[in-house]
$ cat structure_12.tsv   # TSV, C-alpha atoms
chain	number	residue	atom	x	y	z
A	1	MET	CA	-37.86	8.24	-36.95
A	2	TYR	CA	-34.16	7.81	-37.73
A	3	PRO	CA	-32.64	6.36	-40.91
A	4	SER	CA	-32.20	2.64	-40.29
A	5	SER	CA	-28.38	2.80	-40.15
A	6	ILE	CA	-28.43	5.22	-37.23
A	7	GLN	CA	-31.37	3.45	-35.56
A	8	LYS	CA	-29.33	0.23	-35.42
A	9	LEU	CA	-26.38	2.04	-33.90
A	10	ILE	CA	-28.65	3.64	-31.29
A	11	GLU	CA	-29.83	0.15	-30.33
A	12	SER	CA	-26.25	-1.05	-29.99
A	13	PHE	CA	-25.33	1.88	-27.76
A	14	ARG	CA	-28.39	1.17	-25.64
A	15	THR	CA	-26.93	-2.22	-24.66
A	16	LEU	CA	-24.17	-0.41	-22.73
A	17	PRO	CA	-24.73	-0.07	-18.96
A	18	GLY	CA	-26.67	3.03	-17.92
A	19	VAL	CA	-27.25	4.27	-21.48
A	20	GLY	CA	-30.82	5.41	-22.18
A	21	GLU	CA	-32.54	6.48	-25.39
A	22	LYS	CA	-31.37	10.12	-25.33
A	23	THR	CA	-27.75	9.28	-24.57
A	24	ALA	CA	-27.67	6.55	-27.22
A	25	GLU	CA	-29.01	9.05	-29.78
A	26	ARG	CA	-26.36	11.58	-28.83
A	27	TYR	CA	-23.60	8.96	-29.15
A	28	ALA	CA	-24.89	7.70	-32.50
A	29	LEU	CA	-25.16	11.21	-33.95
A	30	SER	CA	-21.62	11.97	-32.80
A	31	VAL	CA	-20.37	8.89	-34.65
A	32	SER	CA	-21.76	10.32	-37.89
A	33	ASP	CA	-19.50	13.34	-37.30
A	34	MET	CA	-16.32	11.31	-36.69
A	35	ASN	CA	-13.90	10.68	-39.52
A	36	SER	CA	-13.89	7.27	-41.23
A	37	GLU	CA	-10.59	6.25	-39.71
A	38	GLN	CA	-11.80	6.88	-36.17
A	39	VAL	CA	-14.96	4.88	-36.81
A	40	ALA	CA	-13.04	1.98	-38.38
A	41	GLN	CA	-10.75	1.91	-35.35
A	42	PHE	CA	-13.72	1.97	-32.98
A	43	ALA	CA	-15.34	-0.97	-34.80
A	44	GLN	CA	-12.06	-2.90	-34.84
A	45	SER	CA	-11.43	-2.34	-31.15
A	46	LEU	CA	-14.87	-3.74	-30.34
A	47	ILE	CA	-14.13	-6.90	-32.27
A	48	ASP	CA	-10.61	-7.19	-30.83
A	49	VAL	CA	-11.87	-7.03	-27.26
A	50	LYS	CA	-14.23	-9.88	-27.95
A	51	GLN	CA	-11.65	-11.97	-29.81
A	52	LYS	CA	-8.47	-11.27	-27.89
A	53	LEU	CA	-9.55	-10.56	-24.34
A	54	ARG	CA	-9.56	-13.53	-22.00
A	55	ARG	CA	-9.06	-14.36	-18.34
A	56	CYS	CA	-5.57	-15.04	-17.00
A	57	ARG	CA	-5.43	-18.79	-16.32
A	58	ILE	CA	-3.59	-18.20	-13.05
A	59	CYS	CA	-5.39	-15.31	-11.35
A	60	GLY	CA	-8.51	-14.59	-13.46
A	61	ASN	CA	-7.44	-11.04	-14.38
A	62	LEU	CA	-8.35	-9.69	-17.84
A	63	SER	CA	-5.57	-10.29	-20.34
A	64	ASP	CA	-4.77	-10.47	-24.04
A	65	GLN	CA	-2.58	-13.48	-23.31
A	66	GLU	CA	-2.94	-16.78	-21.49
A	67	GLU	CA	-1.28	-15.32	-18.42
A	68	CYS	CA	-1.74	-11.68	-17.42
A	69	GLU	CA	1.04	-9.12	-17.24
A	70	ILE	CA	1.05	-9.16	-13.45
A	71	CYS	CA	1.39	-12.94	-13.20
A	72	ARG	CA	4.14	-12.87	-15.84
A	73	ASN	CA	6.07	-10.14	-14.04
A	74	PRO	CA	9.08	-11.62	-12.16
A	75	ASP	CA	9.56	-8.35	-10.24
A	76	ARG	CA	6.32	-8.86	-8.36
A	77	SER	CA	6.11	-10.99	-5.23
A	78	HIS	CA	4.31	-14.23	-6.04
A	79	LYS	CA	4.19	-15.09	-2.34
A	80	GLN	CA	1.61	-12.40	-1.63
A	81	ILE	CA	-1.92	-12.87	-3.04
A	82	PHE	CA	-4.46	-10.06	-3.01
A	83	VAL	CA	-7.97	-11.52	-3.30
A	84	VAL	CA	-10.61	-9.43	-5.11
A	85	GLN	CA	-14.13	-9.90	-6.41
A	86	SER	CA	-13.62	-8.77	-10.00
A	87	PRO	CA	-10.94	-7.69	-12.50
A	88	LYS	CA	-12.05	-4.05	-12.04
A	89	ASP	CA	-10.76	-4.18	-8.47
A	90	ILE	CA	-7.29	-5.05	-9.80
A	91	ILE	CA	-7.29	-1.96	-12.01
A	92	ALA	CA	-8.29	0.24	-9.07
A	93	MET	CA	-5.53	-1.22	-6.91
A	94	GLU	CA	-2.91	-0.98	-9.65
A	95	LYS	CA	-3.76	2.69	-10.12
A	96	ALA	CA	-2.90	3.29	-6.45
A	97	GLY	CA	0.54	1.86	-7.36
A	98	GLU	CA	1.30	0.60	-3.84
A	99	TYR	CA	0.94	-3.14	-4.17
A	100	ARG	CA	3.78	-5.31	-5.49
A	101	GLY	CA	2.34	-8.82	-5.09
A	102	VAL	CA	-0.05	-10.77	-7.31
A	103	TYR	CA	-3.85	-11.07	-7.38
A	104	HIS	CA	-6.63	-13.60	-7.36
A	105	VAL	CA	-10.09	-12.89	-8.79
A	106	LEU	CA	-12.94	-14.72	-7.02
A	107	ASN	CA	-15.56	-13.73	-9.61
A	108	GLY	CA	-18.01	-12.58	-6.95
A	109	VAL	CA	-18.75	-13.21	-3.29
A	110	ILE	CA	-20.58	-15.96	-1.45
A	111	SER	CA	-24.23	-14.92	-1.32
A	112	PRO	CA	-26.75	-17.59	-0.29
A	113	SER	CA	-29.62	-15.17	-0.96
A	114	LYS	CA	-28.49	-14.81	-4.60
A	115	GLY	CA	-27.66	-18.51	-4.86
A	116	VAL	CA	-23.88	-17.95	-5.06
A	117	MET	CA	-22.15	-20.73	-3.14
A	118	PRO	CA	-18.41	-21.25	-2.51
A	119	GLU	CA	-18.21	-23.74	-5.38
A	120	ASP	CA	-19.38	-21.04	-7.81
A	121	LEU	CA	-16.29	-18.95	-7.09
A	122	SER	CA	-12.65	-19.64	-7.91
A	123	ILE	CA	-11.92	-20.69	-4.33
A	124	ASP	CA	-10.33	-24.08	-5.16
A	125	GLN	CA	-7.82	-22.31	-7.37
A	126	LEU	CA	-7.05	-19.87	-4.56
A	127	VAL	CA	-6.43	-22.69	-2.11
A	128	GLU	CA	-4.15	-24.35	-4.67
A	129	ARG	CA	-2.15	-21.11	-5.09
A	130	ALA	CA	-2.06	-20.42	-1.35
A	131	LYS	CA	0.16	-23.52	-0.90
A	132	ASP	CA	3.17	-21.54	-2.06
A	133	ALA	CA	2.14	-18.19	-0.56
A	134	GLU	CA	3.24	-16.36	2.56
A	135	GLU	CA	0.32	-13.96	2.78
A	136	VAL	CA	-3.22	-13.82	1.46
A	137	ILE	CA	-4.88	-10.39	1.67
A	138	LEU	CA	-8.67	-10.53	1.60
A	139	ALA	CA	-10.12	-7.48	-0.15
A	140	THR	CA	-13.74	-8.45	-0.73
A	141	SER	CA	-16.04	-5.49	-0.17
A	142	ASN	CA	-17.27	-4.25	3.16
A	143	THR	CA	-20.82	-5.56	2.68
A	144	MET	CA	-22.59	-8.40	4.44
A	145	ASP	CA	-21.71	-10.87	1.65
A	146	GLY	CA	-18.16	-9.51	1.31
A	147	GLU	CA	-17.53	-9.91	5.04
A	148	THR	CA	-19.03	-13.40	5.07
A	149	THR	CA	-16.78	-14.40	2.19
A	150	ALA	CA	-13.71	-12.95	3.91
A	151	MET	CA	-14.54	-14.86	7.10
A	152	TYR	CA	-15.11	-18.06	5.15
A	153	LEU	CA	-11.79	-17.74	3.31
A	154	ASP	CA	-9.92	-16.78	6.48
A	155	ARG	CA	-11.09	-19.94	8.24
A	156	LEU	CA	-10.58	-22.17	5.19
A	157	LEU	CA	-7.05	-20.97	4.50
A	158	LYS	CA	-5.89	-20.99	8.12
A	159	GLU	CA	-7.22	-24.55	8.59
A	160	GLN	CA	-5.33	-25.82	5.58
A	161	PHE	CA	-2.06	-23.92	5.83
A	162	ASP	CA	-0.37	-23.58	9.15
A	163	GLY	CA	1.68	-20.42	9.32
A	164	LEU	CA	0.03	-18.74	6.32
A	165	LEU	CA	-0.65	-15.09	7.07
A	166	VAL	CA	-4.25	-14.21	6.19
A	167	THR	CA	-5.10	-10.52	6.46
A	168	ARG	CA	-8.08	-8.29	5.71
A	169	ILE	CA	-7.71	-4.95	3.93
A	170	ALA	CA	-8.60	-1.99	6.21
A	171	HIS	CA	-11.95	-0.22	5.94
A	172	GLY	CA	-12.92	3.15	7.38
A	173	LEU	CA	-13.00	6.80	6.42
A	174	PRO	CA	-11.36	7.59	3.07
A	175	ALA	CA	-8.11	9.55	3.01
A	176	GLY	CA	-8.83	13.25	3.28
A	177	GLY	CA	-12.46	12.32	3.86
A	178	LEU	CA	-14.55	14.74	5.87
A	179	LEU	CA	-16.93	13.17	8.35
A	180	ASP	CA	-19.95	14.95	6.98
A	181	TYR	CA	-19.35	13.59	3.48
A	182	ALA	CA	-19.08	9.95	4.54
A	183	ASP	CA	-22.10	7.67	4.24
A	184	GLU	CA	-23.72	6.21	7.35
A	185	MET	CA	-22.40	2.69	6.82
A	186	THR	CA	-18.82	3.91	6.53
A	187	LEU	CA	-19.19	6.09	9.62
A	188	ALA	CA	-20.74	3.26	11.67
A	189	TYR	CA	-17.98	0.89	10.58
A	190	ALA	CA	-15.21	3.44	11.21
A	191	LEU	CA	-16.56	4.05	14.71
A	192	SER	CA	-16.94	0.40	15.72
A	193	ASN	CA	-13.43	-0.37	14.40
A	194	ARG	CA	-11.71	2.50	16.17
A	195	HIS	CA	-8.29	1.68	17.69
A	196	SER	CA	-5.92	3.25	20.16
A	197	MET	CA	-3.24	5.44	18.62
A	198	LYS	CA	0.24	4.02	18.15
B	1	MET	CA	-3.03	-0.85	-16.67
B	2	TYR	CA	-5.47	-2.61	-19.00
B	3	PRO	CA	-4.64	-5.22	-21.64
B	4	SER	CA	-4.05	-3.32	-24.88
B	5	SER	CA	-7.25	-4.58	-26.56
B	6	ILE	CA	-9.44	-3.11	-23.87
B	7	GLN	CA	-7.32	0.03	-23.57
B	8	LYS	CA	-7.94	0.78	-27.24
B	9	LEU	CA	-11.66	0.31	-26.81
B	10	ILE	CA	-11.65	2.63	-23.80
B	11	GLU	CA	-9.98	5.28	-25.96
B	12	SER	CA	-12.64	4.85	-28.64
B	13	PHE	CA	-15.45	5.22	-26.12
B	14	ARG	CA	-13.78	8.35	-24.77
B	15	THR	CA	-14.30	10.08	-28.13
B	16	LEU	CA	-18.07	10.03	-27.51
B	17	PRO	CA	-19.57	13.25	-26.14
B	18	GLY	CA	-19.57	13.52	-22.35
B	19	VAL	CA	-17.78	10.20	-21.79
B	20	GLY	CA	-14.96	10.34	-19.24
B	21	GLU	CA	-12.38	7.75	-18.20
B	22	LYS	CA	-14.58	5.91	-15.68
B	23	THR	CA	-17.57	5.67	-17.99
B	24	ALA	CA	-15.41	4.54	-20.92
B	25	GLU	CA	-13.93	1.80	-18.71
B	26	ARG	CA	-17.38	0.64	-17.66
B	27	TYR	CA	-18.55	0.52	-21.29
B	28	ALA	CA	-15.45	-1.34	-22.45
B	29	LEU	CA	-15.71	-3.93	-19.68
B	30	SER	CA	-19.38	-4.47	-20.51
B	31	VAL	CA	-18.44	-5.18	-24.12
B	32	SER	CA	-16.21	-8.04	-22.93
B	33	ASP	CA	-19.35	-9.55	-21.34
B	34	MET	CA	-21.51	-9.27	-24.48
B	35	ASN	CA	-21.87	-12.25	-26.81
B	36	SER	CA	-19.89	-12.30	-30.05
B	37	GLU	CA	-22.95	-11.69	-32.20
B	38	GLN	CA	-23.90	-8.55	-30.32
B	39	VAL	CA	-20.38	-7.19	-30.61
B	40	ALA	CA	-20.17	-7.97	-34.33
B	41	GLN	CA	-23.47	-6.16	-34.86
B	42	PHE	CA	-22.26	-3.18	-32.83
B	43	ALA	CA	-19.09	-2.94	-34.93
B	44	GLN	CA	-21.04	-3.29	-38.17
B	45	SER	CA	-23.55	-0.60	-37.20
B	46	LEU	CA	-20.69	1.82	-36.53
B	47	ILE	CA	-19.28	1.23	-39.99
B	48	ASP	CA	-22.71	1.39	-41.61
B	49	VAL	CA	-23.49	4.76	-40.11
B	50	LYS	CA	-20.29	6.15	-41.52
B	51	GLN	CA	-20.75	4.55	-44.94
B	52	LYS	CA	-24.48	4.84	-45.50
B	53	LEU	CA	-25.55	7.91	-43.60
B	54	ARG	CA	-25.66	11.14	-45.60
B	55	ARG	CA	-27.53	14.41	-45.75
B	56	CYS	CA	-30.74	14.66	-47.78
B	57	ARG	CA	-29.89	16.71	-50.88
B	58	ILE	CA	-33.18	18.64	-50.58
B	59	CYS	CA	-33.56	19.50	-46.90
B	60	GLY	CA	-30.30	18.50	-45.20
B	61	ASN	CA	-31.90	15.88	-42.92
B	62	LEU	CA	-29.98	12.69	-42.07
B	63	SER	CA	-30.78	9.88	-44.47
B	64	ASP	CA	-29.55	6.55	-45.80
B	65	GLN	CA	-30.63	7.66	-49.27
B	66	GLU	CA	-30.09	10.69	-51.49
B	67	GLU	CA	-33.43	12.14	-50.42
B	68	CYS	CA	-34.79	11.63	-46.91
B	69	GLU	CA	-38.01	9.80	-46.08
B	70	ILE	CA	-39.84	13.03	-45.32
B	71	CYS	CA	-38.92	14.69	-48.61
B	72	ARG	CA	-39.89	11.50	-50.49
B	73	ASN	CA	-43.27	11.23	-48.76
B	74	PRO	CA	-46.07	12.42	-51.09
B	75	ASP	CA	-48.51	12.55	-48.16
B	76	ARG	CA	-46.65	15.47	-46.60
B	77	SER	CA	-47.27	19.04	-47.63
B	78	HIS	CA	-44.31	20.30	-49.67
B	79	LYS	CA	-45.73	23.82	-49.53
B	80	GLN	CA	-44.92	24.19	-45.85
B	81	ILE	CA	-41.24	24.38	-44.81
B	82	PHE	CA	-40.18	24.11	-41.17
B	83	VAL	CA	-36.71	25.65	-40.73
B	84	VAL	CA	-34.44	24.13	-38.05
B	85	GLN	CA	-30.83	24.42	-36.97
B	86	SER	CA	-29.88	20.74	-37.04
B	87	PRO	CA	-31.19	17.27	-37.98
B	88	LYS	CA	-31.77	16.56	-34.26
B	89	ASP	CA	-34.51	19.19	-34.26
B	90	ILE	CA	-36.34	17.25	-36.97
B	91	ILE	CA	-36.33	14.10	-34.83
B	92	ALA	CA	-37.74	16.02	-31.86
B	93	MET	CA	-40.48	17.54	-34.00
B	94	GLU	CA	-41.34	14.23	-35.67
B	95	LYS	CA	-41.70	12.60	-32.25
B	96	ALA	CA	-44.38	15.16	-31.42
B	97	GLY	CA	-46.19	13.83	-34.50
B	98	GLU	CA	-48.09	17.07	-35.18
B	99	TYR	CA	-46.34	18.47	-38.23
B	100	ARG	CA	-47.23	17.26	-41.73
B	101	GLY	CA	-45.07	19.53	-43.90
B	102	VAL	CA	-41.38	19.28	-44.83
B	103	TYR	CA	-38.20	20.61	-43.24
B	104	HIS	CA	-35.10	22.61	-44.00
B	105	VAL	CA	-31.87	22.27	-42.00
B	106	LEU	CA	-29.82	25.48	-41.75
B	107	ASN	CA	-26.79	23.76	-40.17
B	108	GLY	CA	-26.53	26.36	-37.42
B	109	VAL	CA	-27.50	29.98	-36.83
B	110	ILE	CA	-25.96	33.29	-37.85
B	111	SER	CA	-23.47	34.21	-35.13
B	112	PRO	CA	-21.02	37.01	-35.91
B	113	SER	CA	-19.23	36.41	-32.58
B	114	LYS	CA	-18.48	32.80	-33.62
B	115	GLY	CA	-17.76	33.81	-37.20
B	116	VAL	CA	-20.87	32.16	-38.65
B	117	MET	CA	-22.22	34.36	-41.43
B	118	PRO	CA	-25.36	33.85	-43.59
B	119	GLU	CA	-23.26	32.36	-46.42
B	120	ASP	CA	-22.07	29.58	-44.06
B	121	LEU	CA	-25.63	28.30	-43.68
B	122	SER	CA	-27.90	26.65	-46.23
B	123	ILE	CA	-29.88	29.87	-46.74
B	124	ASP	CA	-29.55	30.02	-50.54
B	125	GLN	CA	-31.12	26.57	-50.75
B	126	LEU	CA	-33.94	27.68	-48.47
B	127	VAL	CA	-34.67	30.72	-50.66
B	128	GLU	CA	-34.68	28.45	-53.71
B	129	ARG	CA	-37.18	26.10	-52.05
B	130	ALA	CA	-39.34	28.96	-50.73
B	131	LYS	CA	-40.24	29.85	-54.34
B	132	ASP	CA	-42.79	27.04	-54.42
B	133	ALA	CA	-43.85	27.27	-50.77
B	134	GLU	CA	-46.89	28.80	-49.12
B	135	GLU	CA	-45.49	29.00	-45.60
B	136	VAL	CA	-42.04	29.02	-44.01
B	137	ILE	CA	-42.02	28.35	-40.26
B	138	LEU	CA	-38.89	29.63	-38.51
B	139	ALA	CA	-37.93	27.40	-35.60
B	140	THR	CA	-34.40	28.52	-34.76
B	141	SER	CA	-33.84	28.54	-31.00
B	142	ASN	CA	-34.93	31.28	-28.64
B	143	THR	CA	-31.40	32.61	-28.10
B	144	MET	CA	-29.85	35.86	-29.26
B	145	ASP	CA	-28.35	34.21	-32.36
B	146	GLY	CA	-31.48	32.18	-33.03
B	147	GLU	CA	-33.68	35.27	-32.90
B	148	THR	CA	-31.29	37.24	-35.10
B	149	THR	CA	-31.32	34.45	-37.65
B	150	ALA	CA	-35.13	34.28	-37.58
B	151	MET	CA	-35.38	38.04	-38.11
B	152	TYR	CA	-32.85	37.90	-40.94
B	153	LEU	CA	-34.72	35.08	-42.69
B	154	ASP	CA	-38.09	36.74	-42.13
B	155	ARG	CA	-36.92	39.93	-43.86
B	156	LEU	CA	-35.07	38.11	-46.65
B	157	LEU	CA	-38.00	35.82	-47.50
B	158	LYS	CA	-40.66	38.51	-47.34
B	159	GLU	CA	-38.61	40.82	-49.57
B	160	GLN	CA	-38.21	38.14	-52.22
B	161	PHE	CA	-41.59	36.48	-52.17
B	162	ASP	CA	-44.71	38.58	-52.04
B	163	GLY	CA	-47.53	36.73	-50.33
B	164	LEU	CA	-45.32	34.06	-48.74
B	165	LEU	CA	-46.42	33.43	-45.16
B	166	VAL	CA	-43.41	33.54	-42.83
B	167	THR	CA	-44.13	32.52	-39.24
B	168	ARG	CA	-42.15	31.99	-36.05
B	169	ILE	CA	-42.73	28.98	-33.79
B	170	ALA	CA	-44.17	30.00	-30.37
B	171	HIS	CA	-41.99	30.21	-27.29
B	172	GLY	CA	-43.11	30.40	-23.66
B	173	LEU	CA	-43.83	28.14	-20.73
B	174	PRO	CA	-43.80	24.42	-21.58
B	175	ALA	CA	-47.06	22.46	-21.54
B	176	GLY	CA	-47.92	21.45	-17.98
B	177	GLY	CA	-44.94	23.53	-16.87
B	178	LEU	CA	-45.05	24.96	-13.38
B	179	LEU	CA	-43.80	28.51	-13.02
B	180	ASP	CA	-41.32	27.61	-10.32
B	181	TYR	CA	-39.64	24.99	-12.52
B	182	ALA	CA	-39.12	27.28	-15.50
B	183	ASP	CA	-35.76	29.00	-16.00
B	184	GLU	CA	-35.49	32.78	-15.78
B	185	MET	CA	-35.05	33.32	-19.53
B	186	THR	CA	-38.21	31.36	-20.30
B	187	LEU	CA	-40.18	33.23	-17.64
B	188	ALA	CA	-38.97	36.63	-18.84
B	189	TYR	CA	-39.82	35.73	-22.43
B	190	ALA	CA	-43.23	34.32	-21.48
B	191	LEU	CA	-44.05	37.49	-19.56
B	192	SER	CA	-43.00	39.95	-22.24
B	193	ASN	CA	-44.90	37.96	-24.88
B	194	ARG	CA	-48.16	37.72	-22.93
B	195	HIS	CA	-51.37	38.17	-24.94
B	196	SER	CA	-55.03	38.84	-24.24
B	197	MET	CA	-57.20	35.76	-24.02
B	198	LYS	CA	-59.34	34.83	-26.99
$ encode --input "structure_12.tsv" --output "structure tokens"
Amino acid sequence: MYPSSIQKLIESFRTLPGVGEKTAERYALSVSDMNSEQVAQFAQSLIDVKQKLRRCRICGNLSDQEECEICRNPDRSHKQIFVVQSPKDIIAMEKAGEYRGVYHVLNGVISPSKGVMPEDLSIDQLVERAKDAEEVILATSNTMDGETTAMYLDRLLKEQFDGLLVTRIAHGLPAGGLLDYADEMTLAYALSNRHSMK
Amino acid sequence: MYPSSIQKLIESFRTLPGVGEKTAERYALSVSDMNSEQVAQFAQSLIDVKQKLRRCRICGNLSDQEECEICRNPDRSHKQIFVVQSPKDIIAMEKAGEYRGVYHVLNGVISPSKGVMPEDLSIDQLVERAKDAEEVILATSNTMDGETTAMYLDRLLKEQFDGLLVTRIAHGLPAGGLLDYADEMTLAYALSNRHSMK
């Protein structure tokens, strides 16, 4: 149906998450309307991401260098480690702009049903880093697997390091969240974790 | 927030129609998970579209060559010209697989309010091609501007070419369309254009 050049581009766009035939067509047609410079830049940035982007060797964050900007930053507390499932979680947290420590990316959560065992995650590296830490904040998600992983790490870290503070990030209703907009899981969790007011 | 390589890719994705910050981030992160070959192909297809894709010199359709596949096809009737607003309309029509004539892309519709006048469209070329045609089918959209353009072309073509058949594509309820799913404009149009049964 399409000239082969645009057909190939449609197929490339279709490999992106959540992009169907119609959307891929719309994207490809819009590329034909861009100027050459824009398109050249787009193509170059694709190649650069593949060639330059790597994982920070300390925390597993995405980085253009061997160590990520957060790990290289001397102004951040390296005694406080915020444990997340994926690099995307770091971005979300950094956007909030509240946290001044460093991170650790697990690359998933323990999930026996999906065949993900502790040895498949970067848990050994976390234990190694926790030696020099004062606090480890567990921020795996509030799902069955996320909670299991948090419990596992809590026990593991406390057993190995006496005096290490291991905390869990708070879950509940979102800020400004109206009760009738919250999903059932969040509401159930927020209710069962209610606390007396300080 | 992001390493600069991925930030640049996010910006490129944001130039696509309807792509916001979150979606661009998701696309860019997915590229970092693709294999090198896929990414190289993606980049190449972007460049190819810009370098190879052009407009057919006869009908204005998208093509990798000087004349599009439809205009070059001797099995199609070159006496029947289907007039559309944009190359996308040709794709839609070709997918239906019912039409065996050729096309003509106007590159828009006459719209005095948006400053688009007849001389801004490829109307001269259409008149030139209509000399050798038996039928011109007007398929501009069923909007105020689309109807105005169809009426303008109908008058222009009939004045110049005695005996040329000028037709308008039918509008109304879609095939299998339920009344309560149709929008008000379509319903109003379908009602006012009702006809006795044959």
$ interface_residues --input "structure_12.tsv" --of "chain A" --to "chain B" --cutoff "7 Å" --atoms "only C-alpha atoms" --output "number ranges by chain"
A: 1, 3, 5-6, 8-9, 12, 16-17, 27, 30, 32, 36, 39-40, 42-43, 45-50, 52-53, 62-64, 91
$ write_last_selection --input "structure_12.tsv" --atoms "C-alpha atoms" --output "PDB file, keeping the file's coordinate frame"
ATOM      1  CA  MET A   1     -37.860   8.240 -36.950  1.00  0.00           C
ATOM      2  CA  PRO A   3     -32.640   6.360 -40.910  1.00  0.00           C
ATOM      3  CA  SER A   5     -28.380   2.800 -40.150  1.00  0.00           C
ATOM      4  CA  ILE A   6     -28.430   5.220 -37.230  1.00  0.00           C
ATOM      5  CA  LYS A   8     -29.330   0.230 -35.420  1.00  0.00           C
ATOM      6  CA  LEU A   9     -26.380   2.040 -33.900  1.00  0.00           C
ATOM      7  CA  SER A  12     -26.250  -1.050 -29.990  1.00  0.00           C
ATOM      8  CA  LEU A  16     -24.170  -0.410 -22.730  1.00  0.00           C
ATOM      9  CA  PRO A  17     -24.730  -0.070 -18.960  1.00  0.00           C
ATOM     10  CA  TYR A  27     -23.600   8.960 -29.150  1.00  0.00           C
ATOM     11  CA  SER A  30     -21.620  11.970 -32.800  1.00  0.00           C
ATOM     12  CA  SER A  32     -21.760  10.320 -37.890  1.00  0.00           C
ATOM     13  CA  SER A  36     -13.890   7.270 -41.230  1.00  0.00           C
ATOM     14  CA  VAL A  39     -14.960   4.880 -36.810  1.00  0.00           C
ATOM     15  CA  ALA A  40     -13.040   1.980 -38.380  1.00  0.00           C
ATOM     16  CA  PHE A  42     -13.720   1.970 -32.980  1.00  0.00           C
ATOM     17  CA  ALA A  43     -15.340  -0.970 -34.800  1.00  0.00           C
ATOM     18  CA  SER A  45     -11.430  -2.340 -31.150  1.00  0.00           C
ATOM     19  CA  LEU A  46     -14.870  -3.740 -30.340  1.00  0.00           C
ATOM     20  CA  ILE A  47     -14.130  -6.900 -32.270  1.00  0.00           C
ATOM     21  CA  ASP A  48     -10.610  -7.190 -30.830  1.00  0.00           C
ATOM     22  CA  VAL A  49     -11.870  -7.030 -27.260  1.00  0.00           C
ATOM     23  CA  LYS A  50     -14.230  -9.880 -27.950  1.00  0.00           C
ATOM     24  CA  LYS A  52      -8.470 -11.270 -27.890  1.00  0.00           C
ATOM     25  CA  LEU A  53      -9.550 -10.560 -24.340  1.00  0.00           C
ATOM     26  CA  LEU A  62      -8.350  -9.690 -17.840  1.00  0.00           C
ATOM     27  CA  SER A  63      -5.570 -10.290 -20.340  1.00  0.00           C
ATOM     28  CA  ASP A  64      -4.770 -10.470 -24.040  1.00  0.00           C
ATOM     29  CA  ILE A  91      -7.290  -1.960 -12.010  1.00  0.00           C
TER      30      ILE A  91
END
$ atom_distance --input "structure_12.tsv" --atom1 "CA of Phe161 (chain B)" --atom2 "CA of Ile110 (chain B)"
21.4 Å
$ atom_distance --input "structure_12.tsv" --atom1 "CA of Asn142 (chain A)" --atom2 "CA of Ala170 (chain A)"
9.5 Å
$ atom_distance --input "structure_12.tsv" --atom1 "CA of Ala150 (chain A)" --atom2 "CA of Leu121 (chain A)"
12.8 Å
$ residues_around --input "structure_12.tsv" --residues "Glu134 (chain B)" --least-positions-apart "6" --cutoff "9 Å" --atoms "only C-alpha atoms" --output "ChimeraX atom specification"
/B:78-81,163-166
$ write_last_selection --input "structure_12.tsv" --atoms "C-alpha atoms" --output "mmCIF file, in the coordinates of the input"
data_model
loop_
_atom_site.group_PDB
_atom_site.id
_atom_site.type_symbol
_atom_site.label_atom_id
_atom_site.label_comp_id
_atom_site.auth_asym_id
_atom_site.auth_seq_id
_atom_site.Cartn_x
_atom_site.Cartn_y
_atom_site.Cartn_z
ATOM 1 C CA HIS B 78 -44.310 20.300 -49.670
ATOM 2 C CA LYS B 79 -45.730 23.820 -49.530
ATOM 3 C CA GLN B 80 -44.920 24.190 -45.850
ATOM 4 C CA ILE B 81 -41.240 24.380 -44.810
ATOM 5 C CA GLY B 163 -47.530 36.730 -50.330
ATOM 6 C CA LEU B 164 -45.320 34.060 -48.740
ATOM 7 C CA LEU B 165 -46.420 33.430 -45.160
ATOM 8 C CA VAL B 166 -43.410 33.540 -42.830
#
$ axis_aligned_box --input "structure_12.tsv" --around "region 179-191 of chain A" --padding-each-side "4 Å" --output "lines of an AutoDock Vina configuration file"
center_x = -19.5
center_y = 7.9
center_z = 9.1
size_x = 16.5
size_y = 22.1
size_z = 19.2
$ residues_around --input "structure_12.tsv" --residues "Cys59 (chain B)" --least-positions-apart "4" --cutoff "8 Å" --atoms "only C-alpha atoms" --output "ChimeraX atom specification"
/B:55,68,71,103-105
$ write_last_selection --input "structure_12.tsv" --atoms "C-alpha atoms" --output "CSV table (one decimal), keeping the file's coordinate frame"
chain,number,residue,atom,x,y,z
B,55,ARG,CA,-27.5,14.4,-45.8
B,68,CYS,CA,-34.8,11.6,-46.9
B,71,CYS,CA,-38.9,14.7,-48.6
B,103,TYR,CA,-38.2,20.6,-43.2
B,104,HIS,CA,-35.1,22.6,-44.0
B,105,VAL,CA,-31.9,22.3,-42.0
$ residues_around --input "structure_12.tsv" --residues "Met151 (chain A)" --least-positions-apart "5" --cutoff "12 Å" --atoms "only C-alpha atoms" --output "compact mmCIF listing (two decimals) with C-alpha atoms, in the frame of the given file"
# COMPACT_ATOMS: atom_id res chain seq x y z
CA VAL A 109 -18.75 -13.21 -3.29
CA ILE A 110 -20.58 -15.96 -1.45
CA ILE A 137 -4.88 -10.39 1.67
CA LEU A 138 -8.67 -10.53 1.60
CA ALA A 139 -10.12 -7.48 -0.15
CA THR A 140 -13.74 -8.45 -0.73
CA SER A 141 -16.04 -5.49 -0.17
CA ASN A 142 -17.27 -4.25 3.16
CA MET A 144 -22.59 -8.40 4.44
CA ASP A 145 -21.71 -10.87 1.65
CA GLY A 146 -18.16 -9.51 1.31
CA LEU A 156 -10.58 -22.17 5.19
CA LEU A 157 -7.05 -20.97 4.50
CA LYS A 158 -5.89 -20.99 8.12
CA VAL A 166 -4.25 -14.21 6.19
CA THR A 167 -5.10 -10.52 6.46
CA ARG A 168 -8.08 -8.29 5.71
